[in-house]
Amino acid sequence: MSVSTSNNHGHVPDQADSPLVEVDNLTIHFPVGKKPLFGGTQRVVHAVDGVTFSISRGETLGLVGESGSGKTTTGRAILRRIEPTAGSICFRGRDITETRGEALRHLRRHMQLVFQDPYASLNPRMSVLELIAEPLKVHGIVNSVDDARDQVCQLLDRCGLPADAVDRYPHAFSGGQRQRVGIARALALQPDFIVADEPVSALDVSVRAQVVNLLQDLQADFGLTYLFIAHDLSVVRHISHRIAIMYAGSLVEIAPAGEIYDHPKHPYTESLLSSVPIPDPPMQRERRRIVLEGEIPDTMEPAIGCRFASRCPLVEDRCRNEIPPLVDDGSGHAVACWVRS
Amino acid sequence: MSGTEVPERSAILEVDQLKVNFYTRRGVVQAVRGVSFDVYSGEVLGLVGESGSGKSVTSQAIMGLTELPGKVISGDIRWKGSSLVRGSGSRELMRRVRGREISMVFQDPMTSLNPVFTIGNQMVEATRRHLGLTKKAARERAAEMLGLVGISNPRRRLDQHPGEFSGGMRQRVLIAMALSCEPDLLIADEPTTALDVTIQAQILELLAELKSELDLSVLLITHDLGVVAGMCDRVAVMYGGRLAEIGSADELYATPTHPYSRGLLLSTPRLDDVRPRLVSIEGAPPDLVNPPAGCPFTPRCARASDRCSDEDAELREFAQGRSVACWHPVMPDDEREGM
């Protein structure tokens, strides 16, 4: 066990650089139920509503929200795996919202996904070599799986797996090792950008830290940019430069990581912070907890006000009738709240 | 709920050298390998461990819910002095106690309720059976319990099906159900793991309130050291089918003595912690088909010596109410050294 002194928070990547990823007013609606035969309107879930943010090169943006907040949908849309209903996505300065076919295939080399569940995301019938070489083959970088062997071994070594892992099958590995295979697979094409969708949620605590540390090391080595999706604020603190909070499809707050923890502005962020238990009994007993009443609202209805209004302790009339815009206070700390901005 | 004094109350539940095996195709999984602890009346004991540590298997054994291919092979579980697993009459006792004096809340509120029956239908089952209530009285009781766990409009809710409840609401229903026979001990197996953090906070708050209101003992099983911190008087840490350490929550968190408890606490991310890097425990938990000889943590332990892999470290008391199973524990008065 050792604590490295390399500080991830020391150099927050320069915001003035042109961002690697820009998401502008991203909106995604999913149709639900049967389409009405005559007239009538198709019912839709407003999964993501007008979300705007950008990620700089070499930066990690933590995207935090509870189930149904739209965080996973946002991540998938950036990777162009879900069609947005409205809004645009730019990658390396190019609008990729409409990219299709061969061009999209090329684009996918540069953006990869690390999945949540290392038990479900690896084909049990493929060896580690085949799993990691597959993307290389698909993109024509190698002709056969065996040509990729050296490259795969290097990747495995870099991800902390033994060399003999290469010919083994997923069932031979523990959860943490499987997640390392998943990360090696995502890195095979040397992408610029990785969406990590709850990459450590399924892992045990003692193993979780290993994987978070690995992701941090890889970022330093390869200059990777991450969108790190999580449901809980305690994990993302260590890895994120900035953190964005989503609630019921809307982005409610975005700020440098330290700011979110030390000076949260949105009442939802405050309650989310106070809901995470701290492993220290005397401190946990003394903590003032803001226990929210009720649950995440139904997003079948279009928003007419702030989505959080039904649970918000600070709610005012205006909150129920007008959607609050995301307002930046000039320091990179933006909040969508009528009361607090 | 000051953690420094050891409760002088009597043990209502005693788990004594419990061993549980699972006979699988892959071999015999020794899931629980000689675990002993007591639950005192009125306390909350947290049983903490990672997946495969044996914590859930232990709780299932207490409820007599060990299912094939699993089997309690040795050891004893005593409820208020009488065995629940050994001797004649133990089966009958288990039938009487389970659901009445000891009840359980499971992890997954989505699968623990039968989707085809109404909530009311499922709630009256236990009270009619164990308390002999009439249909009407049982319904009355069910409505009262739903009110107690903070479900508004309980009478109308009784006629709804589980599908009409959200995850957090279902967990409230399950807690109401578990408490409707006024048990002495509630076993809560990861009661908030499947829930969102804000809902988790609601449920934990509710459990803490109910605990003091109803004078319950609680055995809280979880992998989350944070969940334990706010609620438990004492904590038992499990690893590789064994108990690594047990003691008062305040002391164990402040000065963990087993290298595994230390590592677990250090690798748990904390909100109030600005370290740029997490501390991790290298390696992975042992395979319990062929558990290593001696202490199961040896291969991952920085303090391990030859003795650790040769000789079993038995749980021994080193201070009032605190025990550890380790040949080289980090004693509270040692310097706080790096590991």
# chains A, B, ... in the order shown; residues from 1 in each chain; ligands from 1
call {"tool": "closest_atom_pairs", "arguments": {"of": "chain B", "to": "chain A", "cutoff": "8 Å", "atoms": "only C-alpha atoms", "output": "CSV"}}
result
residue,atom,partner,partner_atom,distance
B:Glu50,CA,A:Asp204,CA,5.9
B:Ser51,CA,A:Asp204,CA,6.8
B:Asp196,CA,A:Glu66,CA,5.8
B:Val197,CA,A:Ser275,CA,6.0
B:Thr198,CA,A:Ser275,CA,5.5
B:Ile199,CA,A:Glu295,CA,7.5
B:Gln200,CA,A:Ser275,CA,7.6
B:Ala201,CA,A:Ser275,CA,5.4
B:Gln202,CA,A:Val291,CA,6.1
B:His223,CA,A:Val205,CA,7.9
B:Leu225,CA,A:Pro279,CA,5.5
B:Gly226,CA,A:Pro279,CA,4.1
B:Val227,CA,A:Pro277,CA,6.0
B:Val228,CA,A:Pro279,CA,7.5
B:Ala229,CA,A:Pro281,CA,4.3
B:Gly230,CA,A:Gln284,CA,5.2
B:Met231,CA,A:Pro281,CA,8.0
B:Ala249,CA,A:Pro281,CA,6.7
B:Asp250,CA,A:Pro281,CA,5.6
B:Tyr253,CA,A:Asp280,CA,6.3
B:Ala254,CA,A:Asp280,CA,7.7
B:Gly263,CA,A:Ser206,CA,7.4
B:Leu264,CA,A:Ser206,CA,5.9
B:Leu265,CA,A:Pro279,CA,7.6
B:Ser267,CA,A:Ser206,CA,5.7
B:Thr268,CA,A:Val205,CA,6.2
B:Pro269,CA,A:Ser234,CA,5.6
B:Arg270,CA,A:Ser234,CA,5.5
B:Leu271,CA,A:Ser234,CA,4.9
B:Asp272,CA,A:Ile278,CA,7.8
B:Val274,CA,A:His238,CA,7.3
B:Arg275,CA,A:His238,CA,7.0
B:Pro276,CA,A:His238,CA,5.3
B:Arg277,CA,A:His238,CA,6.0
B:Leu278,CA,A:Ala209,CA,5.6
B:Val279,CA,A:Val3,CA,6.0
B:Ser280,CA,A:Ala209,CA,5.0
B:Ile281,CA,A:Ser206,CA,5.5
B:Glu282,CA,A:Met1,CA,7.2
B:Gly283,CA,A:Val207,CA,7.9
B:Ala284,CA,A:Val207,CA,7.2
B:Ala302,CA,A:Met1,CA,7.9
B:Met339,CA,A:Met1,CA,6.2
call {"tool": "write_last_selection", "arguments": {"atoms": "N, CA and C atoms", "output": "tab-separated table (two decimals), in the first residue's frame"}}
result
chain	number	residue	atom	x	y	z
B	50	GLU	N	-16.78	-7.73	2.37
B	50	GLU	CA	-16.95	-7.59	0.93
B	50	GLU	C	-17.66	-8.82	0.40
B	51	SER	N	-17.89	-8.86	-0.92
B	51	SER	CA	-18.59	-10.03	-1.45
B	51	SER	C	-17.76	-11.28	-1.22
B	196	ASP	N	-31.05	4.50	-4.33
B	196	ASP	CA	-30.28	5.71	-4.58
B	196	ASP	C	-29.85	6.35	-3.27
B	197	VAL	N	-28.78	7.17	-3.34
B	197	VAL	CA	-28.25	7.73	-2.09
B	197	VAL	C	-29.24	8.56	-1.29
B	198	THR	N	-30.05	9.37	-1.96
B	198	THR	CA	-30.98	10.19	-1.17
B	198	THR	C	-32.06	9.32	-0.54
B	199	ILE	N	-32.44	8.23	-1.24
B	199	ILE	CA	-33.43	7.31	-0.69
B	199	ILE	C	-32.79	6.48	0.43
B	200	GLN	N	-31.53	6.11	0.24
B	200	GLN	CA	-30.78	5.38	1.27
B	200	GLN	C	-30.80	6.18	2.57
B	201	ALA	N	-30.57	7.48	2.46
B	201	ALA	CA	-30.55	8.33	3.65
B	201	ALA	C	-31.91	8.29	4.35
B	202	GLN	N	-32.99	8.32	3.57
B	202	GLN	CA	-34.34	8.24	4.16
B	202	GLN	C	-34.52	6.94	4.93
B	223	HIS	N	-21.75	-3.92	3.06
B	223	HIS	CA	-20.37	-3.83	2.60
B	223	HIS	C	-19.88	-2.39	2.76
B	225	LEU	N	-18.92	0.80	4.74
B	225	LEU	CA	-18.49	1.24	6.07
B	225	LEU	C	-19.17	2.54	6.48
B	226	GLY	N	-19.65	3.31	5.51
B	226	GLY	CA	-20.35	4.55	5.82
B	226	GLY	C	-21.71	4.27	6.45
B	227	VAL	N	-22.42	3.30	5.89
B	227	VAL	CA	-23.75	2.96	6.39
B	227	VAL	C	-23.66	2.52	7.85
B	228	VAL	N	-22.61	1.76	8.16
B	228	VAL	CA	-22.42	1.26	9.51
B	228	VAL	C	-22.14	2.40	10.49
B	229	ALA	N	-21.35	3.36	10.02
B	229	ALA	CA	-20.85	4.40	10.92
B	229	ALA	C	-21.96	5.17	11.62
B	230	GLY	N	-23.02	5.48	10.90
B	230	GLY	CA	-24.06	6.31	11.49
B	230	GLY	C	-24.99	5.55	12.41
B	231	MET	N	-24.98	4.23	12.34
B	231	MET	CA	-26.05	3.47	13.00
B	231	MET	C	-25.61	2.50	14.07
B	249	ALA	N	-18.02	0.50	17.60
B	249	ALA	CA	-17.86	1.19	16.32
B	249	ALA	C	-16.86	2.34	16.44
B	250	ASP	N	-17.01	3.15	17.47
B	250	ASP	CA	-16.15	4.32	17.60
B	250	ASP	C	-14.68	3.93	17.67
B	253	TYR	N	-13.31	2.15	14.31
B	253	TYR	CA	-13.06	3.10	13.22
B	253	TYR	C	-11.86	3.99	13.54
B	254	ALA	N	-11.71	4.34	14.81
B	254	ALA	CA	-10.62	5.24	15.18
B	254	ALA	C	-9.28	4.50	15.13
B	263	GLY	N	-7.00	-1.54	6.05
B	263	GLY	CA	-6.96	-1.35	4.60
B	263	GLY	C	-8.33	-0.98	4.05
B	264	LEU	N	-9.35	-1.63	4.59
B	264	LEU	CA	-10.71	-1.37	4.14
B	264	LEU	C	-11.11	0.08	4.43
B	265	LEU	N	-10.78	0.53	5.63
B	265	LEU	CA	-11.11	1.91	6.00
B	265	LEU	C	-10.34	2.91	5.13
B	267	SER	N	-9.20	2.41	2.12
B	267	SER	CA	-9.57	2.41	0.70
B	267	SER	C	-11.00	2.89	0.47
B	268	THR	N	-11.74	3.15	1.53
B	268	THR	CA	-13.10	3.68	1.36
B	268	THR	C	-13.02	5.17	1.05
B	269	PRO	N	-13.53	5.58	-0.12
B	269	PRO	CA	-13.45	7.00	-0.43
B	269	PRO	C	-14.33	7.80	0.53
B	270	ARG	N	-13.81	8.93	0.97
B	270	ARG	CA	-14.58	9.76	1.89
B	270	ARG	C	-14.82	11.12	1.29
B	271	LEU	N	-16.01	11.63	1.56
B	271	LEU	CA	-16.37	12.95	1.05
B	271	LEU	C	-15.47	14.04	1.61
B	272	ASP	N	-15.06	13.86	2.87
B	272	ASP	CA	-14.34	14.93	3.54
B	272	ASP	C	-12.83	14.77	3.38
B	274	VAL	N	-9.43	14.95	0.98
B	274	VAL	CA	-8.94	15.58	-0.23
B	274	VAL	C	-7.69	14.89	-0.78
B	275	ARG	N	-7.36	13.71	-0.25
B	275	ARG	CA	-6.23	12.99	-0.84
B	275	ARG	C	-6.47	12.82	-2.33
B	276	PRO	N	-5.47	13.11	-3.16
B	276	PRO	CA	-5.68	12.98	-4.59
B	276	PRO	C	-5.73	11.53	-5.03
B	277	ARG	N	-5.32	10.62	-4.19
B	277	ARG	CA	-5.23	9.24	-4.62
B	277	ARG	C	-5.76	8.33	-3.52
B	278	LEU	N	-6.50	7.32	-3.94
B	278	LEU	CA	-7.02	6.37	-2.97
B	278	LEU	C	-5.94	5.36	-2.62
B	279	VAL	N	-5.99	4.85	-1.40
B	279	VAL	CA	-5.11	3.77	-1.01
B	279	VAL	C	-5.85	2.48	-1.32
B	280	SER	N	-5.17	1.53	-1.95
B	280	SER	CA	-5.87	0.30	-2.29
B	280	SER	C	-5.19	-0.88	-1.60
B	281	ILE	N	-5.94	-1.98	-1.49
B	281	ILE	CA	-5.34	-3.23	-1.02
B	281	ILE	C	-5.06	-4.05	-2.27
B	282	GLU	N	-3.81	-4.38	-2.51
B	282	GLU	CA	-3.48	-5.15	-3.71
B	282	GLU	C	-4.05	-6.55	-3.59
B	283	GLY	N	-4.23	-7.19	-4.74
B	283	GLY	CA	-4.71	-8.57	-4.73
B	283	GLY	C	-6.22	-8.65	-4.61
B	284	ALA	N	-6.70	-9.87	-4.43
B	284	ALA	CA	-8.14	-10.10	-4.38
B	284	ALA	C	-8.45	-11.07	-3.24
B	302	ALA	N	0.62	-6.71	4.41
B	302	ALA	CA	1.98	-6.19	4.46
B	302	ALA	C	2.70	-6.62	5.74
B	339	MET	N	1.45	1.68	6.18
B	339	MET	CA	1.39	0.24	6.00
B	339	MET	C	2.01	-0.16	4.69
call {"tool": "residues_around", "arguments": {"residues": "Leu207 (chain B)", "least_positions_apart": "6", "cutoff": "10 Å", "atoms": "only C-alpha atoms", "output": "PyMOL selection string"}}
result
chain B and resi 149+172+175+188+191+201+213+216+218+231
call {"tool": "select_by_dssp", "arguments": {"residues": "region 4-228 of chain A", "states": "helix (DSSP H, G or I)", "output": "NGL selection string"}}
result
:A and (71-78 or 101-108 or 128-138 or 145-158 or 163-167 or 170-172 or 175-187 or 205-222)
call {"tool": "write_last_selection", "arguments": {"atoms": "C-alpha atoms", "output": "compact mmCIF listing (two decimals), in the first residue's frame"}}
result
# COMPACT_ATOMS: atom_id res chain seq x y z
CA LYS A 71 -26.34 10.53 -16.83
CA THR A 72 -25.88 7.27 -18.72
CA THR A 73 -28.04 8.46 -21.62
CA THR A 74 -25.90 11.60 -21.88
CA GLY A 75 -22.72 9.51 -21.97
CA ARG A 76 -24.07 7.20 -24.64
CA ALA A 77 -25.28 10.11 -26.76
CA ILE A 78 -21.80 11.66 -26.77
CA GLY A 101 -21.78 5.26 -41.68
CA GLU A 102 -18.08 4.93 -42.42
CA ALA A 103 -17.26 8.32 -40.90
CA LEU A 104 -18.93 7.30 -37.63
CA ARG A 105 -16.95 4.07 -37.60
CA HIS A 106 -13.72 6.04 -37.90
CA LEU A 107 -14.86 8.41 -35.21
CA ARG A 108 -15.46 5.53 -32.80
CA VAL A 128 -8.69 -12.15 -23.37
CA LEU A 129 -6.52 -12.03 -26.51
CA GLU A 130 -9.59 -12.22 -28.76
CA LEU A 131 -11.50 -9.72 -26.65
CA ILE A 132 -8.81 -7.07 -26.81
CA ALA A 133 -7.68 -7.79 -30.39
CA GLU A 134 -11.21 -7.60 -31.76
CA PRO A 135 -11.40 -3.82 -32.01
CA LEU A 136 -7.93 -3.80 -33.64
CA LYS A 137 -9.14 -6.27 -36.23
CA VAL A 138 -12.41 -4.49 -36.86
CA VAL A 145 -5.85 -11.94 -33.81
CA ASP A 146 -2.41 -13.53 -33.49
CA ASP A 147 -0.69 -10.51 -35.04
CA ALA A 148 -2.01 -8.49 -32.13
CA ARG A 149 -0.51 -10.70 -29.43
CA ASP A 150 2.46 -8.47 -28.60
CA GLN A 151 0.33 -5.37 -28.53
CA VAL A 152 -2.26 -7.05 -26.31
CA CYS A 153 0.41 -8.27 -23.90
CA GLN A 154 1.75 -4.74 -23.55
CA LEU A 155 -1.73 -3.42 -22.86
CA LEU A 156 -2.38 -6.11 -20.25
CA ASP A 157 0.88 -5.31 -18.55
CA ARG A 158 0.02 -1.62 -18.53
CA ALA A 163 1.20 -11.92 -19.01
CA ASP A 164 -0.43 -15.35 -18.85
CA ALA A 165 -3.84 -13.66 -18.75
CA VAL A 166 -3.74 -13.35 -22.51
CA ASP A 167 -4.95 -16.88 -23.25
CA PRO A 170 -13.19 -14.08 -18.49
CA HIS A 171 -14.50 -16.61 -15.94
CA ALA A 172 -10.95 -17.13 -14.69
CA GLY A 175 -14.35 -8.63 -10.84
CA GLY A 176 -11.45 -6.20 -10.52
CA GLN A 177 -9.35 -8.11 -13.06
CA ARG A 178 -12.27 -8.24 -15.49
CA GLN A 179 -12.63 -4.51 -15.22
CA ARG A 180 -8.92 -4.21 -16.06
CA VAL A 181 -9.56 -6.32 -19.17
CA GLY A 182 -12.44 -3.98 -20.05
CA ILE A 183 -10.15 -0.99 -19.66
CA ALA A 184 -7.40 -2.62 -21.76
CA ARG A 185 -9.99 -3.28 -24.45
CA ALA A 186 -11.13 0.34 -24.42
CA LEU A 187 -7.49 1.48 -24.71
CA VAL A 205 -14.31 -1.42 -1.87
CA SER A 206 -10.74 -2.69 -1.58
CA VAL A 207 -10.61 -3.40 -5.32
CA ARG A 208 -12.44 -0.22 -6.32
CA ALA A 209 -9.49 1.89 -5.26
CA GLN A 210 -7.14 -0.16 -7.47
CA VAL A 211 -9.24 0.52 -10.56
CA VAL A 212 -9.70 4.24 -9.83
CA ASN A 213 -5.93 4.56 -9.38
CA LEU A 214 -5.30 2.68 -12.63
CA LEU A 215 -7.60 5.04 -14.53
CA GLN A 216 -5.74 8.00 -13.05
CA ASP A 217 -2.34 6.58 -14.05
CA LEU A 218 -3.50 5.85 -17.59
CA GLN A 219 -4.78 9.39 -17.92
CA ALA A 220 -1.38 10.75 -16.94
CA ASP A 221 0.45 8.40 -19.33
CA PHE A 222 -1.73 8.72 -22.40
call {"tool": "closest_residue", "arguments": {"among": "B:Met238, B:Leu252, B:Ala176, B:Leu18", "to": "Phe297 (chain B)", "atoms": "only C-alpha atoms"}}
result
B:Met238
call {"tool": "closest_residue", "arguments": {"among": "B:Lys211, B:His161, B:Arg170, B:Arg78", "to": "Met110 (chain B)", "atoms": "only C-alpha atoms"}}
result
B:Arg170
call {"tool": "select_by_dssp", "arguments": {"residues": "region 86-123 of chain B", "states": "strand (DSSP E)", "output": "list in words"}}
result
Ile102, Ser103, Met104 and Val105 of chain B
call {"tool": "write_last_selection", "arguments": {"atoms": "C-alpha atoms", "output": "PDB file, in the first residue's frame"}}
result
ATOM      1  CA  ILE B 102     -36.418 -12.516  14.588  1.00  0.00           C
ATOM      2  CA  SER B 103     -37.347 -11.006  11.267  1.00  0.00           C
ATOM      3  CA  MET B 104     -35.426 -10.006   8.225  1.00  0.00           C
ATOM      4  CA  VAL B 105     -35.275  -7.285   5.581  1.00  0.00           C
TER       5      VAL B 105
END
call {"tool": "closest_residue", "arguments": {"among": "A:Ile194, A:Leu161, A:Leu63, A:Ala334", "to": "Ile229 (chain A)", "atoms": "only C-alpha atoms"}}
result
A:Leu63
call {"tool": "atom_distance", "arguments": {"atom1": "CA of Arg92 (chain A)", "atom2": "CA of Gly223 (chain A)"}}
result
14.3 Å
call {"tool": "residues_around", "arguments": {"residues": "Pro299 (chain B)", "least_positions_apart": "6", "cutoff": "12 Å", "atoms": "only C-alpha atoms", "output": "ChimeraX atom specification"}}
result
/B:240,259-260,281-287,291-293,305-306,308-309
call {"tool": "closest_residue", "arguments": {"among": "A:Ile89, A:Val21, A:Ala309, A:Ile28", "to": "Ala47 (chain A)", "atoms": "only C-alpha atoms"}}
result
A:Ile28
call {"tool": "atom_distance", "arguments": {"atom1": "CA of Ser261 (chain B)", "atom2": "CA of Gly49 (chain B)"}}
result
9.4 Å
call {"tool": "residues_around", "arguments": {"residues": "region 57-63 of chain B", "least_positions_apart": "4", "cutoff": "8 Å", "atoms": "only C-alpha atoms", "output": "PyMOL selection string"}}
result
chain B and resi 18+20+31-32+72+77+84+94+98+102-103+187+189+221
call {"tool": "residues_around", "arguments": {"residues": "Pro154 (chain B)", "least_positions_apart": "5", "cutoff": "8 Å", "atoms": "only C-alpha atoms", "output": "list in words"}}
result
Ala143, Glu144, Leu146 and Gly147 of chain B
